[in-house]
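> Provided below: upload_38.cif, containing mmCIF, C-alpha atoms; chains and numbers go by the auth columns.
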```cif
data_upload
loop_
_atom_site.group_PDB
_atom_site.id
_atom_site.type_symbol
_atom_site.label_atom_id
_atom_site.label_comp_id
_atom_site.label_asym_id
_atom_site.label_seq_id
_atom_site.Cartn_x
_atom_site.Cartn_y
_atom_site.Cartn_z
_atom_site.B_iso_or_equiv
_atom_site.auth_seq_id
_atom_site.auth_asym_id
ATOM 1 C CA MET A 1 -27.833 63.992 -175.084 0.00 3 A
ATOM 2 C CA VAL A 2 -25.648 63.604 -172.066 0.00 4 A
ATOM 3 C CA LYS A 3 -26.925 64.352 -168.615 0.00 5 A
ATOM 4 C CA PHE A 4 -24.549 66.742 -166.967 0.00 6 A
ATOM 5 C CA LEU A 5 -26.291 67.649 -163.727 0.00 7 A
ATOM 6 C CA LYS A 6 -24.738 64.758 -161.880 0.00 8 A
ATOM 7 C CA PRO A 7 -23.036 64.430 -158.526 0.00 9 A
ATOM 8 C CA ASN A 8 -19.569 65.987 -158.342 0.00 10 A
ATOM 9 C CA LYS A 9 -20.391 68.613 -160.945 0.00 11 A
ATOM 10 C CA VAL A 10 -19.345 72.140 -160.044 0.00 12 A
ATOM 11 C CA VAL A 11 -22.099 74.696 -160.444 0.00 13 A
ATOM 12 C CA ILE A 12 -22.434 78.387 -159.751 0.00 14 A
ATOM 13 C CA LEU A 13 -25.457 79.588 -157.833 0.00 15 A
ATOM 14 C CA LEU A 14 -27.306 82.356 -159.596 0.00 16 A
ATOM 15 C CA GLN A 15 -29.975 83.421 -157.141 0.00 17 A
ATOM 16 C CA GLY A 16 -30.394 83.838 -153.463 0.00 18 A
ATOM 17 C CA ARG A 17 -28.037 84.759 -150.701 0.00 19 A
ATOM 18 C CA TYR A 18 -25.294 82.608 -152.209 0.00 20 A
ATOM 19 C CA ALA A 19 -25.511 84.041 -155.716 0.00 21 A
ATOM 20 C CA GLY A 20 -22.125 83.950 -157.400 0.00 22 A
ATOM 21 C CA ARG A 21 -20.783 81.190 -155.172 0.00 23 A
ATOM 22 C CA LYS A 22 -19.417 77.948 -156.454 0.00 24 A
ATOM 23 C CA ALA A 23 -20.885 74.712 -155.245 0.00 25 A
ATOM 24 C CA VAL A 24 -20.673 71.030 -155.991 0.00 26 A
ATOM 25 C CA ILE A 25 -23.713 68.833 -156.608 0.00 27 A
ATOM 26 C CA VAL A 26 -24.028 66.123 -153.997 0.00 28 A
ATOM 27 C CA ARG A 27 -27.306 64.647 -155.026 0.00 29 A
ATOM 28 C CA ALA A 28 -29.607 65.458 -157.946 0.00 30 A
ATOM 29 C CA PHE A 29 -33.379 65.052 -158.021 0.00 31 A
ATOM 30 C CA ASP A 30 -34.279 65.333 -161.677 0.00 32 A
ATOM 31 C CA GLU A 31 -37.902 64.447 -161.315 0.00 33 A
ATOM 32 C CA GLY A 32 -38.444 66.456 -158.158 0.00 34 A
ATOM 33 C CA THR A 33 -40.191 65.320 -155.029 0.00 35 A
ATOM 34 C CA ARG A 34 -43.641 65.881 -153.656 0.00 36 A
ATOM 35 C CA ASP A 35 -42.520 68.950 -151.708 0.00 37 A
ATOM 36 C CA ARG A 36 -40.530 70.309 -154.607 0.00 38 A
ATOM 37 C CA PRO A 37 -42.196 69.323 -157.862 0.00 39 A
ATOM 38 C CA TYR A 38 -39.350 70.617 -160.017 0.00 40 A
ATOM 39 C CA GLY A 39 -35.841 69.492 -160.800 0.00 41 A
ATOM 40 C CA HIS A 40 -33.528 70.414 -157.977 0.00 42 A
ATOM 41 C CA CYS A 41 -30.354 69.233 -156.355 0.00 43 A
ATOM 42 C CA LEU A 42 -28.585 69.177 -153.058 0.00 44 A
ATOM 43 C CA VAL A 43 -25.422 71.228 -153.258 0.00 45 A
ATOM 44 C CA ALA A 44 -22.583 71.930 -150.913 0.00 46 A
ATOM 45 C CA GLY A 45 -20.797 75.149 -151.603 0.00 47 A
ATOM 46 C CA ILE A 46 -18.449 77.785 -150.348 0.00 48 A
ATOM 47 C CA SER A 47 -19.995 80.755 -148.636 0.00 49 A
ATOM 48 C CA LYS A 48 -16.718 82.411 -147.696 0.00 50 A
ATOM 49 C CA TYR A 49 -13.735 81.810 -149.940 0.00 51 A
ATOM 50 C CA PRO A 50 -10.229 81.426 -148.532 0.00 52 A
ATOM 51 C CA SER A 51 -8.271 84.654 -148.861 0.00 53 A
ATOM 52 C CA LYS A 52 -4.971 85.198 -150.607 0.00 54 A
ATOM 53 C CA VAL A 53 -1.922 84.053 -148.709 0.00 55 A
ATOM 54 C CA ILE A 54 1.375 85.914 -149.189 0.00 56 A
ATOM 55 C CA ARG A 55 4.890 84.853 -148.450 0.00 57 A
ATOM 56 C CA LYS A 56 5.427 86.960 -145.386 0.00 58 A
ATOM 57 C CA ASP A 57 2.391 85.568 -143.598 0.00 59 A
ATOM 58 C CA SER A 58 3.159 83.680 -140.445 0.00 60 A
ATOM 59 C CA ALA A 59 1.953 80.121 -140.016 0.00 61 A
ATOM 60 C CA LYS A 60 -0.864 81.266 -137.791 0.00 62 A
ATOM 61 C CA LYS A 61 -1.951 83.818 -140.364 0.00 63 A
ATOM 62 C CA THR A 62 -1.893 81.345 -143.255 0.00 64 A
ATOM 63 C CA ALA A 63 -3.979 78.970 -141.218 0.00 65 A
ATOM 64 C CA LYS A 64 -6.478 81.718 -140.573 0.00 66 A
ATOM 65 C CA LYS A 65 -6.528 82.871 -144.183 0.00 67 A
ATOM 66 C CA SER A 66 -6.995 79.373 -145.583 0.00 68 A
ATOM 67 C CA ARG A 67 -10.277 78.799 -143.853 0.00 69 A
ATOM 68 C CA VAL A 68 -13.345 77.998 -145.903 0.00 70 A
ATOM 69 C CA LYS A 69 -16.919 78.560 -144.805 0.00 71 A
ATOM 70 C CA THR A 70 -19.379 76.199 -146.442 0.00 72 A
ATOM 71 C CA PHE A 71 -23.094 75.848 -146.862 0.00 73 A
ATOM 72 C CA VAL A 72 -25.496 73.089 -147.752 0.00 74 A
ATOM 73 C CA LYS A 73 -28.610 73.872 -149.739 0.00 75 A
ATOM 74 C CA LEU A 74 -31.341 72.512 -151.964 0.00 76 A
ATOM 75 C CA VAL A 75 -31.397 74.563 -155.155 0.00 77 A
ATOM 76 C CA ASN A 76 -33.683 74.590 -158.173 0.00 78 A
ATOM 77 C CA TYR A 77 -31.928 73.745 -161.434 0.00 79 A
ATOM 78 C CA GLN A 78 -33.096 77.051 -162.824 0.00 80 A
ATOM 79 C CA HIS A 79 -30.989 78.892 -160.285 0.00 81 A
ATOM 80 C CA LEU A 80 -27.757 77.134 -161.174 0.00 82 A
ATOM 81 C CA MET A 81 -25.220 77.645 -163.910 0.00 83 A
ATOM 82 C CA PRO A 82 -23.423 74.376 -164.601 0.00 84 A
ATOM 83 C CA THR A 83 -19.748 74.466 -165.490 0.00 85 A
ATOM 84 C CA ARG A 84 -17.422 72.068 -167.193 0.00 86 A
ATOM 85 C CA TYR A 85 -15.524 71.409 -163.969 0.00 87 A
ATOM 86 C CA THR A 86 -15.971 68.547 -161.532 0.00 88 A
ATOM 87 C CA LEU A 87 -14.839 68.183 -157.973 0.00 89 A
ATOM 88 C CA ASP A 88 -14.586 64.669 -156.700 0.00 90 A
ATOM 89 C CA VAL A 89 -14.943 64.845 -152.980 0.00 91 A
ATOM 90 C CA ASP A 90 -17.024 62.242 -151.281 0.00 92 A
ATOM 91 C CA LEU A 91 -19.690 64.199 -149.478 0.00 93 A
ATOM 92 C CA LYS A 92 -22.513 61.684 -149.716 0.00 94 A
ATOM 93 C CA ASP A 93 -22.153 60.358 -146.213 0.00 95 A
ATOM 94 C CA VAL A 94 -21.867 63.819 -144.729 0.00 96 A
ATOM 95 C CA VAL A 95 -24.522 65.675 -146.696 0.00 97 A
ATOM 96 C CA SER A 96 -27.941 64.127 -147.091 0.00 98 A
ATOM 97 C CA LEU A 97 -31.546 65.208 -147.275 0.00 99 A
ATOM 98 C CA GLU A 98 -32.210 64.587 -143.608 0.00 100 A
ATOM 99 C CA CYS A 99 -29.428 66.897 -142.519 0.00 101 A
ATOM 100 C CA LEU A 100 -31.579 69.791 -143.724 0.00 102 A
ATOM 101 C CA GLN A 101 -34.388 68.973 -141.340 0.00 103 A
ATOM 102 C CA SER A 102 -32.999 70.711 -138.319 0.00 104 A
ATOM 103 C CA ARG A 103 -30.594 73.524 -137.740 0.00 105 A
ATOM 104 C CA ASP A 104 -27.972 71.594 -135.720 0.00 106 A
ATOM 105 C CA LYS A 105 -27.822 68.829 -138.312 0.00 107 A
ATOM 106 C CA LYS A 106 -27.275 71.430 -140.983 0.00 108 A
ATOM 107 C CA VAL A 107 -24.507 73.042 -138.963 0.00 109 A
ATOM 108 C CA THR A 108 -22.708 69.742 -138.421 0.00 110 A
ATOM 109 C CA ALA A 109 -23.037 68.895 -142.107 0.00 111 A
ATOM 110 C CA ALA A 110 -21.553 72.261 -143.030 0.00 112 A
ATOM 111 C CA LYS A 111 -18.721 71.713 -140.553 0.00 113 A
ATOM 112 C CA ASP A 112 -17.879 68.301 -142.008 0.00 114 A
ATOM 113 C CA THR A 113 -17.877 69.614 -145.560 0.00 115 A
ATOM 114 C CA LYS A 114 -15.713 72.493 -144.352 0.00 116 A
ATOM 115 C CA LYS A 115 -13.135 70.011 -143.138 0.00 117 A
ATOM 116 C CA ARG A 116 -13.105 68.084 -146.402 0.00 118 A
ATOM 117 C CA LEU A 117 -13.016 71.167 -148.582 0.00 119 A
ATOM 118 C CA GLU A 118 -10.247 72.716 -146.542 0.00 120 A
ATOM 119 C CA ASP A 119 -8.140 69.591 -146.986 0.00 121 A
ATOM 120 C CA ARG A 120 -8.758 69.749 -150.682 0.00 122 A
ATOM 121 C CA PHE A 121 -7.825 73.425 -150.800 0.00 123 A
ATOM 122 C CA LYS A 122 -4.614 72.870 -148.879 0.00 124 A
ATOM 123 C CA SER A 123 -3.617 70.041 -151.191 0.00 125 A
ATOM 124 C CA GLY A 124 -3.572 72.560 -154.017 0.00 126 A
ATOM 125 C CA LYS A 125 -5.913 70.701 -156.341 0.00 127 A
ATOM 126 C CA ASN A 126 -9.089 72.116 -157.936 0.00 128 A
ATOM 127 C CA ARG A 127 -7.751 75.604 -157.598 0.00 129 A
ATOM 128 C CA TRP A 128 -10.494 77.076 -159.761 0.00 130 A
ATOM 129 C CA PHE A 129 -13.148 75.964 -157.328 0.00 131 A
ATOM 130 C CA PHE A 130 -11.607 77.907 -154.473 0.00 132 A
ATOM 131 C CA THR A 131 -11.120 81.180 -156.330 0.00 133 A
ATOM 132 C CA LYS A 132 -13.818 83.771 -156.042 0.00 134 A
ATOM 133 C CA LEU A 133 -15.804 84.438 -159.179 0.00 135 A
ATOM 134 C CA ARG A 134 -15.322 88.101 -160.056 0.00 136 A
ATOM 135 C CA PHE A 135 -18.392 89.874 -161.350 0.00 137 A
ATOM 136 C CA MET B 1 -17.737 83.192 -193.583 0.00 14 B
ATOM 137 C CA VAL B 2 -19.729 80.008 -193.754 0.00 15 B
ATOM 138 C CA ALA B 3 -22.938 81.892 -193.129 0.00 16 B
ATOM 139 C CA ALA B 4 -22.383 84.124 -196.139 0.00 17 B
ATOM 140 C CA LYS B 5 -21.697 81.177 -198.397 0.00 18 B
ATOM 141 C CA LYS B 6 -24.927 79.504 -197.358 0.00 19 B
ATOM 142 C CA THR B 7 -27.051 79.813 -200.477 0.00 20 B
ATOM 143 C CA LYS B 8 -30.765 80.344 -200.700 0.00 21 B
ATOM 144 C CA LYS B 9 -31.169 76.670 -201.431 0.00 22 B
ATOM 145 C CA THR B 10 -29.832 75.365 -198.118 0.00 23 B
ATOM 146 C CA HIS B 11 -31.717 78.055 -196.271 0.00 24 B
ATOM 147 C CA GLU B 12 -34.961 76.943 -197.821 0.00 25 B
ATOM 148 C CA SER B 13 -34.179 73.357 -197.003 0.00 26 B
ATOM 149 C CA ILE B 14 -33.760 74.250 -193.328 0.00 27 B
ATOM 150 C CA ASN B 15 -37.136 75.933 -193.482 0.00 28 B
ATOM 151 C CA ASN B 16 -38.678 72.893 -195.104 0.00 29 B
ATOM 152 C CA ARG B 17 -37.205 70.613 -192.505 0.00 30 B
ATOM 153 C CA LEU B 18 -38.370 72.877 -189.713 0.00 31 B
ATOM 154 C CA ALA B 19 -41.876 72.892 -191.152 0.00 32 B
ATOM 155 C CA LEU B 20 -41.859 69.115 -191.168 0.00 33 B
ATOM 156 C CA VAL B 21 -40.719 69.045 -187.550 0.00 34 B
ATOM 157 C CA MET B 22 -43.490 71.450 -186.595 0.00 35 B
ATOM 158 C CA LYS B 23 -46.002 69.183 -188.253 0.00 36 B
ATOM 159 C CA SER B 24 -44.790 65.784 -187.167 0.00 37 B
ATOM 160 C CA GLY B 25 -42.330 66.143 -184.341 0.00 38 B
ATOM 161 C CA LYS B 26 -41.954 67.507 -180.856 0.00 39 B
ATOM 162 C CA TYR B 27 -40.258 70.801 -180.132 0.00 40 B
ATOM 163 C CA THR B 28 -40.209 73.612 -177.612 0.00 41 B
ATOM 164 C CA LEU B 29 -39.973 77.294 -178.355 0.00 42 B
ATOM 165 C CA GLY B 30 -38.390 79.886 -176.151 0.00 43 B
ATOM 166 C CA TYR B 31 -35.387 80.378 -173.937 0.00 44 B
ATOM 167 C CA LYS B 32 -36.706 78.916 -170.680 0.00 45 B
ATOM 168 C CA THR B 33 -37.967 75.698 -172.203 0.00 46 B
ATOM 169 C CA VAL B 34 -34.835 75.336 -174.328 0.00 47 B
ATOM 170 C CA LEU B 35 -32.714 75.411 -171.180 0.00 48 B
ATOM 171 C CA LYS B 36 -35.070 72.925 -169.546 0.00 49 B
ATOM 172 C CA SER B 37 -34.752 70.546 -172.462 0.00 50 B
ATOM 173 C CA LEU B 38 -30.978 70.911 -172.407 0.00 51 B
ATOM 174 C CA ARG B 39 -30.777 70.211 -168.674 0.00 52 B
ATOM 175 C CA SER B 40 -32.821 67.052 -168.994 0.00 53 B
ATOM 176 C CA SER B 41 -30.987 66.129 -172.221 0.00 54 B
ATOM 177 C CA LYS B 42 -34.283 65.681 -174.009 0.00 55 B
ATOM 178 C CA GLY B 43 -33.355 68.026 -176.840 0.00 56 B
ATOM 179 C CA LYS B 44 -31.672 66.757 -179.958 0.00 57 B
ATOM 180 C CA LEU B 45 -30.969 70.013 -181.766 0.00 58 B
ATOM 181 C CA VAL B 46 -31.108 73.640 -180.722 0.00 59 B
ATOM 182 C CA ILE B 47 -31.695 76.417 -183.224 0.00 60 B
ATOM 183 C CA ILE B 48 -30.797 79.989 -182.328 0.00 61 B
ATOM 184 C CA ALA B 49 -31.796 83.100 -184.256 0.00 62 B
ATOM 185 C CA ASN B 50 -29.044 85.465 -185.340 0.00 63 B
ATOM 186 C CA ASN B 51 -30.245 88.452 -183.318 0.00 64 B
ATOM 187 C CA CYS B 52 -30.246 86.542 -180.075 0.00 65 B
ATOM 188 C CA PRO B 53 -28.398 88.564 -177.415 0.00 66 B
ATOM 189 C CA PRO B 54 -24.783 87.353 -177.288 0.00 67 B
ATOM 190 C CA LEU B 55 -24.863 86.477 -173.577 0.00 68 B
ATOM 191 C CA ARG B 56 -27.933 84.309 -174.057 0.00 69 B
ATOM 192 C CA LYS B 57 -26.420 82.747 -177.157 0.00 70 B
ATOM 193 C CA SER B 58 -23.226 81.838 -175.310 0.00 71 B
ATOM 194 C CA GLU B 59 -25.211 80.453 -172.418 0.00 72 B
ATOM 195 C CA ILE B 60 -27.246 78.164 -174.672 0.00 73 B
ATOM 196 C CA GLU B 61 -24.096 77.090 -176.509 0.00 74 B
ATOM 197 C CA TYR B 62 -22.380 76.303 -173.206 0.00 75 B
ATOM 198 C CA TYR B 63 -25.284 74.171 -172.010 0.00 76 B
ATOM 199 C CA ALA B 64 -25.341 72.407 -175.365 0.00 77 B
ATOM 200 C CA MET B 65 -21.611 71.775 -175.146 0.00 78 B
ATOM 201 C CA LEU B 66 -22.075 70.164 -171.730 0.00 79 B
ATOM 202 C CA ALA B 67 -24.983 68.083 -172.963 0.00 80 B
ATOM 203 C CA LYS B 68 -23.324 67.275 -176.314 0.00 81 B
ATOM 204 C CA ILE B 69 -26.328 68.549 -178.248 0.00 82 B
ATOM 205 C CA GLY B 70 -25.900 70.239 -181.597 0.00 83 B
ATOM 206 C CA VAL B 71 -26.588 73.928 -182.056 0.00 84 B
ATOM 207 C CA HIS B 72 -27.619 75.461 -185.343 0.00 85 B
ATOM 208 C CA HIS B 73 -27.357 79.199 -185.887 0.00 86 B
ATOM 209 C CA TYR B 74 -30.329 80.076 -188.013 0.00 87 B
ATOM 210 C CA ASN B 75 -29.697 82.475 -190.860 0.00 88 B
ATOM 211 C CA GLY B 76 -32.377 84.951 -189.923 0.00 89 B
ATOM 212 C CA ASN B 77 -33.618 86.867 -186.948 0.00 90 B
ATOM 213 C CA ASN B 78 -36.238 85.879 -184.445 0.00 91 B
ATOM 214 C CA VAL B 79 -39.043 87.201 -186.624 0.00 92 B
ATOM 215 C CA ASP B 80 -37.917 84.956 -189.495 0.00 93 B
ATOM 216 C CA LEU B 81 -37.482 81.984 -187.198 0.00 94 B
ATOM 217 C CA GLY B 82 -40.993 82.457 -185.869 0.00 95 B
ATOM 218 C CA THR B 83 -42.337 82.589 -189.399 0.00 96 B
ATOM 219 C CA ALA B 84 -40.345 79.498 -190.317 0.00 97 B
ATOM 220 C CA CYS B 85 -42.002 77.704 -187.419 0.00 98 B
ATOM 221 C CA GLY B 86 -45.374 78.776 -188.704 0.00 99 B
ATOM 222 C CA LYS B 87 -46.028 80.951 -185.684 0.00 100 B
ATOM 223 C CA TYR B 88 -47.215 84.520 -185.524 0.00 101 B
ATOM 224 C CA PHE B 89 -44.765 85.467 -182.786 0.00 102 B
ATOM 225 C CA ARG B 90 -41.001 85.860 -182.587 0.00 103 B
ATOM 226 C CA VAL B 91 -38.927 82.845 -181.673 0.00 104 B
ATOM 227 C CA CYS B 92 -35.392 83.466 -180.558 0.00 105 B
ATOM 228 C CA CYS B 93 -34.404 79.892 -179.817 0.00 106 B
ATOM 229 C CA LEU B 94 -36.052 76.547 -180.140 0.00 107 B
ATOM 230 C CA SER B 95 -35.206 73.016 -179.245 0.00 108 B
ATOM 231 C CA ILE B 96 -36.200 69.956 -181.241 0.00 109 B
ATOM 232 C CA ILE B 97 -37.039 67.092 -178.955 0.00 110 B
ATOM 233 C CA ASP B 98 -38.317 64.568 -181.457 0.00 111 B
ATOM 234 C CA PRO B 99 -37.795 65.251 -185.160 0.00 112 B
ATOM 235 C CA GLY B 100 -40.708 63.084 -186.311 0.00 113 B
ATOM 236 C CA ASP B 101 -40.393 62.423 -190.015 0.00 114 B
ATOM 237 C CA SER B 102 -37.793 65.102 -190.617 0.00 115 B
ATOM 238 C CA ASP B 103 -34.123 64.406 -191.144 0.00 116 B
ATOM 239 C CA ILE B 104 -33.058 67.735 -189.694 0.00 117 B
ATOM 240 C CA ILE B 105 -30.892 66.131 -187.045 0.00 118 B
ATOM 241 C CA LYS B 106 -28.915 64.053 -189.487 0.00 119 B
ATOM 242 C CA ASN B 107 -28.385 66.738 -192.085 0.00 120 B
ATOM 243 C CA MET B 108 -28.179 70.014 -190.322 0.00 121 B
ATOM 244 C CA PRO B 109 -25.629 70.014 -187.523 0.00 122 B
ATOM 245 C CA ASP B 110 -23.058 71.911 -189.526 0.00 123 B
ATOM 246 C CA TYR B 111 -21.849 75.040 -187.709 0.00 124 B
#
```
Translate this file's structure into structure tokens.


Amino acid sequence: MVKFLKPNKVVILLQGRYAGRKAVIVRAFDEGTRDRPYGHCLVAGISKYPSKVIRKDSAKKTAKKSRVKTFVKLVNYQHLMPTRYTLDVDLKDVVSLECLQSRDKKVTAAKDTKKRLEDRFKSGKNRWFFTKLRF
Amino acid sequence: MVAAKKTKKTHESINNRLALVMKSGKYTLGYKTVLKSLRSSKGKLVIIANNCPPLRKSEIEYYAMLAKIGVHHYNGNNVDLGTACGKYFRVCCLSIIDPGDSDIIKNMPDY
């Protein structure tokens, strides 16, 4: 009786190029739109997870290993698996519907989410979100 | 072993309540529509047959946990559940959207 596909919910993509990747819902369209007459949502997710950092890595190496590659996508609800986790990063100003209109806007949106997600990763919070799902 | 202790009497009462829901309420049958009703939080109770594949059963239970919707594990397989719904096909899971005159929501969410 509780809607759970809300912004800041962590979901796992099930289909497509990014299957198995974790993402966070930025904006949900329950009723659909005219172009997409089904429930879907705008997600921002990780396409390349940060790799494991060990103690003997130099500072330059840790910086390189802690990078996160992100993506922005509109996904059908059917192709998502919701989880009980949430990730409260404010991505609403960065990621919006219009940033999917053209390629450069999409790239800049992905770059801005990359910055925010990398800060979150380095702060050590939401560790589950940044670990790769093994399957 | 709550399922074993469930007597014939309570099993028949579930069937009676289901029949009343089929007659007077709104429901959806089948895995895809059950997930749809759980996502939109329209469902009020989800009933799963006992021979539902365990991965599918866990998935429906997880969705229902997120949506805070009750799940009832029916004491019978999908053939029995289909018969209980008055249908001539197998029903592995169903979701009750509007119970109509039945009191299945108030009385059944045990388990």

> Quick one: distance from atom CA of Gly56 of chain B to atom CA of Tyr40 of chain B in Å, one decimal?

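Spanning atom CA of Gly56 of chain B to atom CA of Tyr40 of chain B is a straight-line distance of 8.1 Å.
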
> Write out as lines of an AutoDock Vina configuration file an axis-aligned box for segment 56-66 of chain A: all of its atoms listed in the file, 4 Å added on each side, centre and edge lengths in Å with one decimal.


```
center_x = -0.5
center_y = 83.0
center_z = -143.5
size_x = 19.9
size_y = 16.0
size_z = 19.4
```

> Using all atoms listed in the file, find each residue of chain A with at least one atom at most 6 Å away from an atom of chain B; report its shortest atom-to-atom pair and that distance in Å (one decimal), sort the rows by chain and rising residue number, and return the result as CSV.


```
residue,atom,partner,partner_atom,distance
A:Met3,CA,B:Ser54,CA,4.8
A:Val4,CA,B:Ala80,CA,4.6
A:Lys5,CA,B:Ser54,CA,5.7
```

> Output C-alpha atoms for every residue in that selection, as a compact mmCIF listing (two decimals), in the coordinates of the input.


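Now in part-v6.txt:
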```txt
# COMPACT_ATOMS: atom_id res chain seq x y z
CA MET A 3 -27.83 63.99 -175.08
CA VAL A 4 -25.65 63.60 -172.07
CA LYS A 5 -26.92 64.35 -168.62
```

> Residues near segment 88-105 of chain B, anyone? I mean within 7 Å using only C-alpha atoms, not counting same-chain ones fewer than 5 positions away, as a VMD selection string.

chain B and resid 28 31 to 32 35 42 to 43 61 to 65

> Could you state which residues are captured by the PyMOL selection byres ((chain A and resi 17-29) around 8) in this file, as an MDAnalysis selection string?

chainID A and resid 7:16 30:31 43:49 81:82 88:89 93:94 97:98 131 134:135

> Given the point (-31.3, 78.0, -175.9) in the file's coordinates, find the residues that have an atom at most 7 Å from it, counting all atoms listed in the file, and give them as a list in words.

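The answer, in the requested form, is Tyr44, Val47, Leu48, Val59, Ile61, Lys70, Ile73, Cys106 and Leu107 of chain B.
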
> Just the number, please: distance in Å from atom CA of Pro112 of chain B to atom CA of Arg30 of chain B, one decimal.

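Interatomic distance here is 9.1 Å.
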
> Atom CA of Lys127 of chain A and atom CA of Lys63 of chain A, how far apart in Å?

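Separation of atom CA of Lys63 of chain A and atom CA of Lys127 of chain A: 21.0 Å.
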
> Of the residues A:Arg38, A:Lys66, A:Lys75, A:Lys124, which is the one nearest to Ala112 of chain A, using only C-alpha atoms?

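When distances to Ala112 of chain A are compared using only C-alpha atoms, the smallest one comes from A:Lys75.
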
> On this structure, which residues satisfy the PyMOL selection byres ((chain A and resi 119-123) around 9), written as a list in words?

Ile48, Pro52, Ser68, Arg69, Val70, Thr72, Val91, Asp114, Thr115, Lys116, Lys117, Arg118, Lys124, Ser125, Gly126, Lys127, Asn128, Arg129, Phe131 and Phe132 of chain A
